[in-house]
$ cat upload.cif   # mmCIF, C-alpha atoms
data_target
loop_
_atom_site.label_atom_id
_atom_site.label_comp_id
_atom_site.auth_asym_id
_atom_site.auth_seq_id
_atom_site.Cartn_x
_atom_site.Cartn_y
_atom_site.Cartn_z
CA MET A 1 0.00 0.00 0.00
CA ILE A 2 2.63 2.47 -1.03
CA LEU A 3 1.55 6.06 -0.44
CA ARG A 4 2.70 8.98 -2.48
CA ARG A 5 2.00 11.64 0.11
CA LEU A 6 4.60 11.74 2.87
CA PRO A 7 2.21 12.43 5.79
CA LEU A 8 0.54 9.09 5.21
CA LEU A 9 3.60 7.17 4.10
CA LEU A 10 5.66 7.92 7.15
CA ALA A 11 3.27 6.81 9.85
CA LEU A 12 5.86 4.21 10.75
CA ALA A 13 8.20 4.95 13.63
CA LEU A 14 11.47 6.64 12.91
CA SER A 15 12.32 7.62 16.50
CA THR A 16 11.37 6.90 20.08
CA PRO A 17 7.57 6.82 20.51
CA LEU A 18 5.68 8.72 23.13
CA SER A 19 4.88 5.58 25.08
CA VAL A 20 5.62 1.98 24.25
CA HIS A 21 6.03 -1.27 26.12
CA ALA A 22 8.71 -3.07 24.16
CA ILE A 23 8.61 -6.83 23.76
CA ASP A 24 11.99 -8.37 24.46
CA PHE A 25 13.18 -11.65 22.99
CA SER A 26 16.31 -13.43 24.09
CA PRO A 27 19.07 -14.20 21.57
CA ALA A 28 18.21 -17.88 21.93
CA GLU A 29 14.55 -17.23 21.10
CA LEU A 30 15.46 -15.20 18.03
CA GLN A 31 17.96 -17.79 16.82
CA ARG A 32 15.40 -20.56 17.21
CA ALA A 33 12.86 -18.45 15.32
CA LYS A 34 15.30 -17.66 12.51
CA SER A 35 16.28 -21.30 12.18
CA LEU A 36 12.61 -22.24 11.90
CA GLN A 37 11.99 -19.62 9.22
CA GLN A 38 14.98 -20.88 7.27
CA ARG A 39 13.35 -24.32 7.14
CA LEU A 40 9.90 -23.00 6.29
CA LEU A 41 8.77 -21.13 3.20
CA THR A 42 8.57 -17.61 4.60
CA LEU A 43 6.53 -15.21 2.43
CA ASP A 44 5.11 -11.70 2.84
CA SER A 45 1.98 -10.99 0.80
CA HIS A 46 2.56 -7.28 0.24
CA LEU A 47 5.98 -5.91 -0.73
CA ASP A 48 5.97 -2.43 -2.26
CA THR A 49 9.70 -2.68 -2.98
CA PRO A 50 9.25 -2.47 -6.79
CA ALA A 51 8.70 1.26 -6.23
CA ASN A 52 12.44 1.41 -5.52
CA PHE A 53 13.65 -0.61 -8.50
CA ALA A 54 13.96 2.45 -10.75
CA ARG A 55 14.98 4.81 -7.93
CA ASP A 56 18.37 6.50 -8.35
CA GLY A 57 20.94 4.72 -6.19
CA PHE A 58 18.86 1.69 -5.20
CA ASP A 59 20.49 -1.72 -5.56
CA ILE A 60 18.59 -4.80 -4.39
CA ASP A 61 21.96 -6.50 -3.70
CA ASN A 62 23.11 -3.83 -1.22
CA ARG A 63 21.89 -2.94 2.27
CA HIS A 64 20.13 0.38 2.63
CA ASP A 65 19.93 0.65 6.40
CA HIS A 66 18.63 3.71 8.23
CA ASN A 67 16.83 4.87 5.12
CA ALA A 68 13.20 6.02 5.12
CA LEU A 69 12.78 4.84 1.53
CA SER A 70 13.98 1.26 1.93
CA GLN A 71 13.13 -1.67 4.18
CA VAL A 72 13.73 -4.60 1.81
CA ASP A 73 16.89 -5.65 0.03
CA TYR A 74 18.64 -8.98 -0.51
CA PRO A 75 21.05 -8.80 2.46
CA ARG A 76 18.27 -7.94 4.90
CA MET A 77 16.00 -10.62 3.43
CA VAL A 78 18.73 -13.15 4.18
CA GLU A 79 19.23 -11.77 7.69
CA GLY A 80 15.51 -11.87 8.43
CA ALA A 81 15.00 -15.26 6.70
CA LEU A 82 12.41 -13.86 4.29
CA ASP A 83 12.11 -16.05 1.20
CA GLY A 84 10.11 -13.47 -0.75
CA GLY A 85 6.44 -12.93 -1.42
CA PHE A 86 4.15 -10.84 -3.58
CA TRP A 87 5.88 -7.82 -5.16
CA ALA A 88 3.30 -5.17 -5.96
CA ILE A 89 2.51 -3.26 -9.13
CA TYR A 90 1.17 -0.21 -7.32
CA THR A 91 -0.47 2.73 -9.09
CA GLY A 92 -1.68 5.78 -7.21
CA GLN A 93 -5.29 6.68 -7.92
CA GLY A 94 -5.54 9.46 -10.48
CA ASP A 95 -8.38 11.91 -11.06
CA ARG A 96 -10.24 9.39 -13.29
CA SER A 97 -9.99 11.57 -16.37
CA ALA A 98 -9.21 9.93 -19.71
CA ALA A 99 -5.68 11.31 -19.49
CA ALA A 100 -5.26 9.89 -15.98
CA HIS A 101 -6.44 6.47 -17.17
CA GLN A 102 -3.77 6.52 -19.85
CA ARG A 103 -1.11 7.52 -17.32
CA ASP A 104 -2.27 4.75 -14.98
CA ARG A 105 -2.11 2.23 -17.82
CA ASP A 106 1.46 3.23 -18.63
CA ALA A 107 2.51 3.38 -14.98
CA GLY A 108 1.31 -0.16 -14.37
CA LEU A 109 3.14 -1.51 -17.39
CA GLN A 110 6.29 0.35 -16.38
CA ARG A 111 6.18 -1.14 -12.87
CA LEU A 112 5.70 -4.61 -14.35
CA LEU A 113 8.75 -3.96 -16.53
CA ASP A 114 10.72 -2.83 -13.47
CA ILE A 115 9.97 -6.14 -11.73
CA ARG A 116 10.85 -8.24 -14.75
CA THR A 117 14.05 -6.21 -15.27
CA MET A 118 15.10 -6.82 -11.67
CA LEU A 119 14.51 -10.54 -12.16
CA ALA A 120 16.55 -10.59 -15.37
CA ALA A 121 19.44 -8.76 -13.71
CA ASN A 122 19.45 -10.91 -10.58
CA GLY A 123 18.67 -14.40 -11.83
CA ASP A 124 21.20 -15.91 -9.45
CA ARG A 125 19.27 -14.64 -6.42
CA PHE A 126 15.64 -14.13 -7.42
CA ALA A 127 13.18 -16.11 -9.54
CA LEU A 128 9.63 -15.58 -10.77
CA ALA A 129 6.99 -17.87 -9.26
CA LEU A 130 3.71 -18.61 -11.01
CA THR A 131 2.42 -21.45 -8.81
CA PRO A 132 2.79 -22.61 -5.20
CA ALA A 133 5.01 -25.44 -6.44
CA ASP A 134 7.29 -22.86 -8.06
CA ALA A 135 7.79 -21.14 -4.72
CA VAL A 136 8.81 -24.41 -3.05
CA ARG A 137 11.21 -25.21 -5.89
CA ILE A 138 12.74 -21.71 -5.89
CA LYS A 139 13.43 -21.85 -2.15
CA ALA A 140 14.94 -25.31 -2.49
CA GLY A 141 17.26 -23.86 -5.12
CA GLY A 142 18.50 -21.17 -2.75
CA LYS A 143 16.81 -18.20 -4.44
CA ARG A 144 14.21 -15.65 -3.33
CA VAL A 145 10.61 -15.93 -4.51
CA VAL A 146 8.95 -13.24 -6.64
CA PHE A 147 5.20 -13.52 -7.12
CA ILE A 148 3.67 -10.49 -8.86
CA SER A 149 0.57 -8.73 -7.54
CA MET A 150 -1.33 -5.60 -8.54
CA GLU A 151 -2.48 -3.08 -5.95
CA ASN A 152 -5.21 -0.93 -7.46
CA ALA A 153 -6.64 -2.06 -10.81
CA SER A 154 -6.64 1.46 -12.29
CA PRO A 155 -4.04 0.46 -14.92
CA LEU A 156 -6.79 -1.75 -16.39
CA VAL A 157 -9.50 0.91 -16.67
CA ALA A 158 -8.41 2.13 -20.11
CA ASP A 159 -8.18 -1.43 -21.41
CA PRO A 160 -9.46 -4.28 -19.19
CA SER A 161 -8.19 -6.82 -21.73
CA LEU A 162 -4.69 -6.03 -20.48
CA LEU A 163 -5.46 -8.40 -17.59
CA GLY A 164 -4.63 -11.25 -19.96
CA PHE A 165 -1.24 -9.74 -20.76
CA TYR A 166 -0.47 -9.17 -17.08
CA HIS A 167 -1.41 -12.76 -16.32
CA GLN A 168 0.90 -14.06 -19.03
CA ALA A 169 3.65 -11.82 -17.64
CA GLY A 170 3.23 -13.30 -14.15
CA LEU A 171 0.38 -11.52 -12.34
CA ARG A 172 -1.10 -13.82 -9.70
CA MET A 173 -2.93 -11.49 -7.28
CA LEU A 174 -5.22 -8.53 -7.99
CA SER A 175 -6.87 -5.85 -5.85
CA THR A 176 -9.59 -3.72 -7.41
CA VAL A 177 -9.03 -0.37 -5.70
CA HIS A 178 -6.82 1.75 -3.45
CA PHE A 179 -7.38 4.84 -1.29
CA ALA A 180 -10.07 6.36 -3.48
CA THR A 181 -12.90 4.84 -5.48
CA ASN A 182 -12.22 3.99 -9.11
CA GLU A 183 -14.23 2.58 -12.03
CA PHE A 184 -14.16 -0.92 -10.54
CA ALA A 185 -15.03 -0.58 -6.84
CA ASP A 186 -15.63 1.58 -3.82
CA SER A 187 -12.63 2.20 -1.61
CA ALA A 188 -12.86 1.71 2.15
CA THR A 189 -11.39 5.19 2.56
CA ASN A 190 -13.04 7.13 -0.25
CA PRO A 191 -13.57 10.67 1.12
CA LYS A 192 -16.91 11.09 -0.68
CA GLY A 193 -18.42 7.83 0.49
CA PRO A 194 -19.73 5.00 -1.71
CA GLU A 195 -20.28 5.45 -5.41
CA TRP A 196 -21.07 1.90 -6.52
CA ASN A 197 -22.25 0.42 -3.22
CA GLY A 198 -19.52 -2.16 -3.67
CA LEU A 199 -18.31 -3.38 -7.05
CA SER A 200 -19.33 -1.62 -10.25
CA PRO A 201 -20.55 -3.74 -13.18
CA ALA A 202 -17.06 -3.38 -14.66
CA GLY A 203 -15.61 -4.47 -11.33
CA ARG A 204 -17.73 -7.61 -11.25
CA ALA A 205 -16.63 -8.42 -14.78
CA LEU A 206 -12.97 -7.87 -13.84
CA VAL A 207 -13.23 -10.13 -10.80
CA ASN A 208 -14.92 -12.85 -12.84
CA GLU A 209 -12.23 -12.65 -15.51
CA ALA A 210 -9.49 -12.84 -12.87
CA VAL A 211 -11.13 -15.91 -11.33
CA LYS A 212 -11.26 -17.59 -14.75
CA ARG A 213 -7.50 -17.08 -15.04
CA GLY A 214 -6.71 -18.34 -11.54
CA ILE A 215 -5.68 -14.93 -10.22
CA VAL A 216 -6.17 -14.53 -6.46
CA ILE A 217 -8.51 -11.67 -5.52
CA ASP A 218 -7.25 -9.30 -2.82
CA GLN A 219 -9.91 -7.39 -0.90
CA SER A 220 -7.58 -5.03 1.00
CA HIS A 221 -8.46 -1.34 0.47
CA ALA A 222 -11.96 -2.15 -0.83
CA SER A 223 -15.11 -1.28 1.10
CA ASP A 224 -17.11 -3.58 3.35
CA ALA A 225 -19.74 -3.78 0.62
CA VAL A 226 -17.13 -5.14 -1.78
CA PHE A 227 -16.20 -7.76 0.82
CA ASP A 228 -19.84 -8.78 1.18
CA GLN A 229 -20.25 -9.08 -2.59
CA LEU A 230 -17.07 -11.14 -2.93
CA ILE A 231 -18.32 -13.52 -0.25
CA ALA A 232 -21.56 -13.92 -2.19
CA MET A 233 -20.13 -14.25 -5.71
CA MET A 234 -16.71 -15.89 -5.42
CA PRO A 235 -16.50 -19.60 -6.27
CA VAL A 236 -13.05 -19.75 -4.62
CA PRO A 237 -11.56 -18.14 -1.49
CA PHE A 238 -10.00 -14.68 -1.53
CA VAL A 239 -7.50 -12.87 0.68
CA LEU A 240 -6.81 -9.55 2.31
CA SER A 241 -3.14 -9.01 1.54
CA HIS A 242 -2.50 -6.36 4.21
CA SER A 243 -5.27 -5.58 6.71
CA SER A 244 -5.82 -5.79 10.46
CA ALA A 245 -8.54 -6.00 13.15
CA ARG A 246 -11.25 -3.37 13.47
CA ALA A 247 -12.02 -4.59 16.99
CA ILE A 248 -8.57 -3.39 18.06
CA HIS A 249 -8.48 -0.16 16.05
CA ASP A 250 -11.67 1.10 14.43
CA HIS A 251 -10.34 1.97 10.99
CA PRO A 252 -12.25 1.25 7.75
CA ARG A 253 -9.18 -0.50 6.30
CA ASN A 254 -9.49 -3.14 9.02
CA LEU A 255 -11.96 -6.03 9.15
CA ASP A 256 -14.64 -6.52 11.82
CA ASP A 257 -15.05 -9.83 13.64
CA ALA A 258 -18.24 -10.86 11.82
CA ARG A 259 -16.52 -10.52 8.45
CA LEU A 260 -13.40 -12.23 9.77
CA ARG A 261 -15.58 -15.24 10.55
CA GLN A 262 -17.20 -15.08 7.12
CA LEU A 263 -13.76 -15.01 5.53
CA ALA A 264 -12.67 -18.07 7.48
CA LYS A 265 -15.90 -19.91 6.63
CA ALA A 266 -15.13 -19.25 2.96
CA ASP A 267 -11.58 -20.63 3.54
CA GLY A 268 -10.00 -17.23 2.90
CA VAL A 269 -7.00 -15.65 4.62
CA ILE A 270 -6.25 -12.25 6.17
CA GLN A 271 -2.61 -11.17 6.05
CA VAL A 272 -1.96 -8.96 9.09
CA ASN A 273 -0.62 -5.49 8.31
CA ALA A 274 2.04 -3.38 10.06
CA TYR A 275 1.09 0.06 8.75
CA GLY A 276 1.03 2.15 11.91
CA GLY A 277 -2.03 4.24 11.07
CA TYR A 278 -4.14 1.07 10.80
CA LEU A 279 -2.89 -0.30 14.11
CA VAL A 280 -3.23 2.81 16.30
CA ASP A 281 -4.37 6.41 16.11
CA PRO A 282 -1.12 8.39 15.70
CA GLY A 283 -2.74 11.65 16.81
CA LYS A 284 -0.99 13.65 14.12
CA SER A 285 -1.51 17.42 14.34
CA PRO A 286 -2.08 19.69 11.31
CA GLU A 287 1.27 21.29 12.07
CA ARG A 288 2.99 17.91 11.83
CA LYS A 289 1.30 17.16 8.51
CA ASP A 290 2.31 20.55 7.12
CA ALA A 291 5.90 20.01 8.25
CA GLU A 292 5.99 16.59 6.57
CA ASP A 293 4.68 18.10 3.35
CA ALA A 294 7.39 20.76 3.48
CA LEU A 295 10.09 18.17 4.13
CA SER A 296 8.95 16.05 1.19
CA LYS A 297 8.77 19.07 -1.13
CA ARG A 298 12.26 20.18 -0.11
CA LEU A 299 13.64 16.76 -1.04
CA GLY A 300 11.89 16.69 -4.40
CA GLY A 301 8.80 14.65 -3.60
CA TRP A 302 8.42 10.93 -3.02
CA GLU A 303 8.80 9.91 -6.65
CA GLY A 304 11.79 12.15 -7.27
CA MET A 305 13.93 11.28 -4.24
CA SER A 306 17.13 9.29 -4.67
CA ILE A 307 17.94 6.49 -2.29
CA ALA A 308 20.62 8.72 -0.74
CA GLN A 309 17.97 11.33 0.03
CA GLY A 310 16.11 8.63 1.94
CA GLU A 311 18.72 8.96 4.68
CA GLU A 312 18.10 12.71 4.85
CA LEU A 313 14.38 12.03 4.87
CA GLN A 314 14.79 9.78 7.87
CA ARG A 315 16.83 12.35 9.76
CA GLY A 316 14.20 14.96 8.96
CA GLU A 317 11.41 12.75 10.25
CA GLU A 318 13.34 12.07 13.46
CA ALA A 319 13.60 15.83 13.97
CA LEU A 320 9.86 16.20 13.40
CA ASP A 321 9.22 13.49 15.98
CA ARG A 322 11.00 15.66 18.52
CA GLN A 323 9.21 18.83 17.46
CA TYR A 324 5.73 17.37 16.84
CA PRO A 325 5.51 14.06 18.73
CA VAL A 326 3.02 11.44 17.54
CA ARG A 327 2.19 7.94 18.64
CA HIS A 328 4.04 5.31 16.62
CA ALA A 329 2.89 1.71 16.52
CA SER A 330 5.04 -0.99 18.10
CA LEU A 331 5.18 -4.77 18.05
CA ASP A 332 2.83 -4.69 21.05
CA ASP A 333 0.22 -3.03 18.84
CA PHE A 334 0.84 -5.39 15.94
CA PHE A 335 0.58 -8.42 18.19
CA ALA A 336 -2.67 -7.08 19.67
CA HIS A 337 -4.16 -7.16 16.16
CA MET A 338 -2.59 -10.45 15.17
CA GLY A 339 -3.48 -12.14 18.44
CA HIS A 340 -7.09 -11.01 18.19
CA ILE A 341 -7.42 -12.27 14.63
CA LEU A 342 -5.82 -15.59 15.53
CA ASP A 343 -8.27 -15.96 18.41
CA VAL A 344 -11.25 -15.19 16.16
CA VAL A 345 -10.46 -17.34 13.10
CA GLY A 346 -7.58 -19.63 14.07
CA PRO A 347 -4.10 -19.98 12.54
CA GLU A 348 -5.40 -21.60 9.32
CA HIS A 349 -6.82 -18.28 8.11
CA VAL A 350 -4.06 -15.84 9.11
CA GLY A 351 -0.94 -14.71 7.29
CA ILE A 352 1.51 -11.82 7.20
CA GLY A 353 1.56 -8.83 4.83
CA LEU A 354 3.49 -6.04 6.52
CA ASP A 355 3.42 -3.36 3.82
CA TRP A 356 7.20 -3.03 3.58
CA ASP A 357 8.39 -0.03 1.56
CA GLY A 358 4.81 1.21 1.47
CA GLY A 359 4.38 2.65 4.95
CA GLY A 360 4.74 -0.49 7.05
CA GLY A 361 7.16 -0.85 9.92
CA LEU A 362 7.12 -0.49 13.69
CA THR A 363 9.27 1.11 16.35
CA ASP A 364 10.81 -2.28 17.09
CA LEU A 365 10.34 -3.93 13.67
CA ARG A 366 11.92 -1.46 11.28
CA ASP A 367 12.75 -3.69 8.31
CA VAL A 368 12.73 -7.30 7.11
CA SER A 369 15.94 -8.16 8.97
CA GLN A 370 13.90 -8.28 12.20
CA LEU A 371 11.18 -10.72 11.10
CA PRO A 372 12.24 -13.52 13.49
CA LYS A 373 10.65 -11.45 16.27
CA ILE A 374 7.24 -12.37 14.83
CA THR A 375 8.13 -16.05 14.71
CA ALA A 376 9.49 -15.91 18.27
CA TRP A 377 6.15 -14.48 19.41
CA LEU A 378 4.23 -17.23 17.61
CA LEU A 379 6.42 -19.82 19.32
CA ARG A 380 5.83 -18.17 22.69
CA ARG A 381 2.11 -18.35 22.03
CA GLY A 382 2.38 -22.09 21.57
CA TYR A 383 1.87 -22.54 17.83
CA ASP A 384 3.56 -25.57 16.31
CA GLU A 385 5.72 -25.72 13.22
CA LYS A 386 2.86 -26.66 10.90
CA GLN A 387 0.71 -23.77 12.09
CA ILE A 388 3.58 -21.29 11.80
CA ALA A 389 4.33 -22.59 8.31
CA GLY A 390 0.72 -21.81 7.41
CA ILE A 391 0.91 -18.30 8.82
CA TRP A 392 4.21 -17.61 7.03
CA GLY A 393 2.87 -18.52 3.61
CA GLY A 394 1.18 -21.91 3.55
CA ASN A 395 -2.33 -20.53 4.07
CA LEU A 396 -1.88 -17.98 1.30
CA LEU A 397 -0.53 -20.60 -1.09
CA ARG A 398 -3.49 -22.84 -0.27
CA VAL A 399 -5.83 -20.10 -1.51
CA MET A 400 -3.68 -19.64 -4.60
CA GLN A 401 -3.78 -23.37 -5.34
CA GLN A 402 -7.56 -23.40 -4.98
CA ALA A 403 -7.84 -20.45 -7.38
CA GLN A 404 -5.58 -22.11 -9.94
CA ASP A 405 -7.28 -25.49 -9.63
CA TYR A 406 -10.67 -23.88 -10.24
CA ALA A 407 -9.36 -22.08 -13.33
CA ARG A 408 -8.02 -25.21 -15.01
CA PRO A 409 -10.20 -26.53 -17.88
#
$ encode --input "upload.cif" --output "structure tokens"
Amino acid sequence: MILRRLPLLLALALSTPLSVHAIDFSPAELQRAKSLQQRLLTLDSHLDTPANFARDGFDIDNRHDHNALSQVDYPRMVEGALDGGFWAIYTGQGDRSAAAHQRDRDAGLQRLLDIRTMLAANGDRFALALTPADAVRIKAGGKRVVFISMENASPLVADPSLLGFYHQAGLRMLSTVHFATNEFADSATNPKGPEWNGLSPAGRALVNEAVKRGIVIDQSHASDAVFDQLIAMMPVPFVLSHSSARAIHDHPRNLDDARLRQLAKADGVIQVNAYGGYLVDPGKSPERKDAEDALSKRLGGWEGMSIAQGEELQRGEEALDRQYPVRHASLDDFFAHMGHILDVVGPEHVGIGLDWDGGGGLTDLRDVSQLPKITAWLLRRGYDEKQIAGIWGGNLLRVMQQAQDYARP
């Protein structure tokens, strides 16, 4: 869920929070957790890292620590025992004019090209996965897994038939909408409220076409009405690639308990998110938002920043934290959401989609190198290896297999 406006993007913690009760894990716990992840297939369902592939100075093979623009690279994936996941073709929602639809079309194709270019340049370390079996094979071969997803279907508005091209090029997960309503669906956060009362006719057609091709449907960012319609119309399960629990924080991007149970009954999966603004209310003042806007403008805007400027961006945000303190989410907050969801639907319907490089991250989980903390918590909670394997990717791949099996002639 990469955000183009800095005030929303940088809800993650970049300095000491106002108040936080840190969870401590012993070195032995973390080593046990890392060793377990190294045996399992460890996948994250929502990586916005492709936004960095064309960024000046970014190299997937090099560490980019202490950088507000980067949380995922190959060295930190190895350190955190992350095998890969779904790498997103994200397109910000335009003004829905004909010109904007053309720009969205081109932006989506460019991001797809960026992903395929990264794969071509790093074939010794990364490989494209099209099926669950591919992911298992790629891990066994010592490489990182790249599934391709699309966050926001706006690149398809100008020409919905492009879905076939994307599928041939590797697309295996599709969300209809992002922060604002588009021609396919109502957004959970559309400022003007519902337009379609769920999916539009074009949105229903798009979902049906995706199902025919075995593409997993992702409900994250869509409205509750879209969720209800997907439950009613889908012949296969669907997922929420990066969402959390409304019972813990009442945000429209999160899912209420009744719908969590419906999702589980339909054999779907919710991938728990680590975007701070969905976990807690940061209490951000207008002055803070204005200062963030000014900082972003001074550095050339999100799209125009180099990876080197990401370090300056982080220092600037740390200064703003001292001048205009806000509440930043911690692992305690994340585990409150994850624990609640696990209690409601059980470990067979829960996964992990932390929104790396798109606003995700916590005061004590800053990048992918620290992922064993999540596994250590699951072990503390008493989950066994099979259940943890499901949470770290097995449940998501089960849904993918069901979608692909249904699509076969």
$ residues_around --input "upload.cif" --residues "segment 186-190 of chain A" --least-positions-apart "4" --cutoff "7 Å" --atoms "all atoms listed in the file" --output "JSON list (two decimals) with C-alpha atoms, keeping the file's coordinate frame"
[["chain", "number", "residue", "atom", "x", "y", "z"],
["A", 177, "VAL", "CA", -9.03, -0.37, -5.70],
["A", 178, "HIS", "CA", -6.82, 1.75, -3.45],
["A", 179, "PHE", "CA", -7.38, 4.84, -1.29],
["A", 180, "ALA", "CA", -10.07, 6.36, -3.48],
["A", 181, "THR", "CA", -12.90, 4.84, -5.48],
["A", 182, "ASN", "CA", -12.22, 3.99, -9.11],
["A", 194, "PRO", "CA", -19.73, 5.00, -1.71],
["A", 195, "GLU", "CA", -20.28, 5.45, -5.41],
["A", 196, "TRP", "CA", -21.07, 1.90, -6.52],
["A", 197, "ASN", "CA", -22.25, 0.42, -3.22],
["A", 198, "GLY", "CA", -19.52, -2.16, -3.67],
["A", 199, "LEU", "CA", -18.31, -3.38, -7.05],
["A", 221, "HIS", "CA", -8.46, -1.34, 0.47],
["A", 222, "ALA", "CA", -11.96, -2.15, -0.83],
["A", 223, "SER", "CA", -15.11, -1.28, 1.10],
["A", 224, "ASP", "CA", -17.11, -3.58, 3.35],
["A", 252, "PRO", "CA", -12.25, 1.25, 7.75],
["A", 253, "ARG", "CA", -9.18, -0.50, 6.30]]
$ closest_residue --input "upload.cif" --among "A:Arg105, A:Arg111, A:Arg39, A:Arg116" --to "Ala153 of chain A" --atoms "all atoms listed in the file"
A:Arg105
$ residues_near_point --input "upload.cif" --point "(4.8, -13.1, 14.1)" --cutoff "9 Å" --atoms "only C-alpha atoms" --output "mmCIF file with C-alpha atoms, keeping the file's coordinate frame"
data_model
loop_
_atom_site.group_PDB
_atom_site.id
_atom_site.type_symbol
_atom_site.label_atom_id
_atom_site.label_comp_id
_atom_site.auth_asym_id
_atom_site.auth_seq_id
_atom_site.Cartn_x
_atom_site.Cartn_y
_atom_site.Cartn_z
ATOM 1 C CA PHE A 334 0.840 -5.390 15.940
ATOM 2 C CA PHE A 335 0.580 -8.420 18.190
ATOM 3 C CA MET A 338 -2.590 -10.450 15.170
ATOM 4 C CA ILE A 352 1.510 -11.820 7.200
ATOM 5 C CA LEU A 371 11.180 -10.720 11.100
ATOM 6 C CA PRO A 372 12.240 -13.520 13.490
ATOM 7 C CA LYS A 373 10.650 -11.450 16.270
ATOM 8 C CA ILE A 374 7.240 -12.370 14.830
ATOM 9 C CA THR A 375 8.130 -16.050 14.710
ATOM 10 C CA ALA A 376 9.490 -15.910 18.270
ATOM 11 C CA TRP A 377 6.150 -14.480 19.410
ATOM 12 C CA LEU A 378 4.230 -17.230 17.610
ATOM 13 C CA LEU A 379 6.420 -19.820 19.320
ATOM 14 C CA ILE A 388 3.580 -21.290 11.800
ATOM 15 C CA ILE A 391 0.910 -18.300 8.820
ATOM 16 C CA TRP A 392 4.210 -17.610 7.030
#
$ closest_residue --input "upload.cif" --among "A:Asp73, A:Asp83, A:Ala33, A:Gly193" --to "Tyr383 of chain A" --atoms "only C-alpha atoms"
A:Ala33
$ residues_near_point --input "upload.cif" --point "(4.0, -23.9, 4.8)" --cutoff "12 Å" --atoms "only C-alpha atoms" --output "ChimeraX atom specification"
/A:36-43,83,132-133,135-136,139,347-348,351,384-398
$ residues_around --input "upload.cif" --residues "segment 279-294 of chain A" --least-positions-apart "6" --cutoff "9 Å" --atoms "only C-alpha atoms" --output "MDAnalysis selection string"
chainID A and resid 5:8 10:11 244:246 248:251 254 273 301 316:317 320:321 323:330 333:334 336:337
$ resolve_selection --input "upload.cif" --expression "the PyMOL selection byres ((chain A and resi 172) around 8)" --output "ChimeraX atom specification"
/A:130,147-149,167,170-171,173-174,214-216
